[in-house]
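The block underneath contains the structure these notes are about, expressed in structure tokens.
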Amino acid sequence: AARPRGDGVVSIADVNSAHRRLTASAYLSAVEHAAPLERLVLVALCCELRARRKESASLEDVARRSSRLVALASDDADARRAPTHAELLDIVERFADARLLSADYEKRDDRFPALRLNVADTLVSDVL
């Protein structure tokens with residue numbers, strides 16, 4: 001909650017700060033409770049956004065990035081796997097429901113939406 005100054009006045013900056021903390025905590029909860037495949041998708045999305053220095057990335061690029069991350073991280077091919085396309089769409093839908101990311105289906109076909117994080121990628125990477 002916003003903390004008033006000594007004179008009992010709450011400024012706009014106080015309200016904005018409180019709102020950011022409240023919003024960030026809801027996002028943090030969604031990230032902290034994510035399953036391993038969901039975390040992989042978040043990491044892949046953050047990597048893709050940072051690498052391309054864009055605000056959005058296609059689901060296809062995130063899928064490719066997650067496959068590369070799995071290949072780099074796993075010694076045993078059967079131990080870990082990248083999510084299937086259907087799993088990716090389910091994960092995107094869950095994160096969109098939690099308002100962690102937005103999926104833009106207008107520019108591309110329904111199978112490959114453009115994904116945009118609704119929070120700073122640094123916030124997500126700090127939690128992961």
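By convention here, the chains of the structure tokens are called A, B, ... in the order presented, each chain's residues are numbered starting at 1, and ligands are numbered starting at 1 in the order presented.
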*Residue contacts of Val43 in chain A (10 Å, only C-alpha atoms) excluding same-chain residues fewer than 6 positions away, as a ChimeraX atom specification*: /A:37,49,62,65-66,69,121,124-125,128
*Apply DSSP to the structure's backbone, then extract all residues of range 44-111 of chain A labelled alpha helix (DSSP H) and return them as number ranges by chain.*
A: 44-52, 59-73, 85-97
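When only C-alpha atoms are used to measure the gap to Cys47 in chain A, the shortest distance among A:Arg68, A:Ala35, A:Ala82, A:Leu28 belongs to A:Arg68.
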*Excluding Tyr105 in chain A and residues on its chain fewer than 2 positions from it, collect all residues at most 12 Å away from it, counting only C-alpha atoms, and give them as a PyMOL selection string.*
chain A and resi 58-59+89+92-93+102-103+107-116
*Could you give me, as an MDAnalysis selection string, the residues within 6 Å of Leu101 in chain A, counting only C-alpha atoms and dropping anything in the same chain fewer than 5 positions from it?*
chainID A and resid 95:96 116:118
Write out, as a short mmCIF file (atom, residue, chain, number, x, y, z; two decimals), in the first residue's frame, the residues just selected, with all heavy atoms.
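Dumped everything to selection_39.cif:
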```
data_model
loop_
_atom_site.label_atom_id
_atom_site.label_comp_id
_atom_site.auth_asym_id
_atom_site.auth_seq_id
_atom_site.Cartn_x
_atom_site.Cartn_y
_atom_site.Cartn_z
N PHE A 95 -0.42 -18.22 -19.34
CA PHE A 95 0.29 -16.99 -18.99
C PHE A 95 -0.51 -15.75 -19.41
O PHE A 95 -0.46 -14.72 -18.76
CB PHE A 95 1.69 -16.96 -19.59
CG PHE A 95 2.67 -17.84 -18.87
CD1 PHE A 95 3.67 -18.48 -19.56
CD2 PHE A 95 2.60 -18.03 -17.50
CE1 PHE A 95 4.60 -19.28 -18.90
CE2 PHE A 95 3.50 -18.82 -16.83
CZ PHE A 95 4.51 -19.45 -17.53
N ALA A 96 -1.24 -15.85 -20.50
CA ALA A 96 -2.10 -14.74 -20.91
C ALA A 96 -3.24 -14.54 -19.92
O ALA A 96 -3.60 -13.41 -19.58
CB ALA A 96 -2.64 -14.97 -22.32
N ARG A 116 4.28 -11.07 -26.25
CA ARG A 116 4.83 -9.87 -25.62
C ARG A 116 4.70 -10.02 -24.11
O ARG A 116 3.62 -10.33 -23.60
CB ARG A 116 4.06 -8.65 -26.08
CG ARG A 116 4.49 -7.34 -25.50
CD ARG A 116 3.55 -6.22 -25.88
NE ARG A 116 3.18 -6.22 -27.28
CZ ARG A 116 3.81 -5.49 -28.21
NH1 ARG A 116 4.80 -4.71 -27.88
NH2 ARG A 116 3.40 -5.53 -29.46
N LEU A 117 5.81 -9.82 -23.39
CA LEU A 117 5.76 -9.85 -21.93
C LEU A 117 5.08 -8.58 -21.43
O LEU A 117 5.31 -7.50 -21.97
CB LEU A 117 7.17 -9.91 -21.34
CG LEU A 117 7.84 -11.26 -21.27
CD1 LEU A 117 9.27 -11.11 -20.76
CD2 LEU A 117 7.07 -12.21 -20.37
N ASN A 118 4.26 -8.72 -20.41
CA ASN A 118 3.60 -7.55 -19.81
C ASN A 118 4.39 -6.99 -18.64
O ASN A 118 3.93 -6.07 -17.98
CB ASN A 118 2.18 -7.92 -19.36
CG ASN A 118 1.27 -8.15 -20.53
OD1 ASN A 118 1.47 -7.64 -21.62
ND2 ASN A 118 0.25 -8.97 -20.33
#
```
*Proximity to Pro36 in chain A - best of A:Arg81, A:Thr122, A:Ala86, A:Lys54, only C-alpha atoms*: A:Arg81
*Pick out the closest residue to Glu38 in chain A from this set: A:Leu100, A:Ala18, A:Ala73, A:Ala51. Count only C-alpha atoms.*
A:Leu100
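From CA of Arg50 in chain A back to CA of Asp104 in chain A, the distance works out to 18.8 Å.
Across A:Cys46, A:Val31, A:Val70, A:Val10, the tightest approach to Pro83 in chain A is made by A:Val70 when counting only C-alpha atoms.
CA of Ala120 in chain A sits 12.8 Å away from CA of Arg99 in chain A.
Note that the spacing between CA of Asp90 in chain A and CA of Ala34 in chain A amounts to 12.7 Å.
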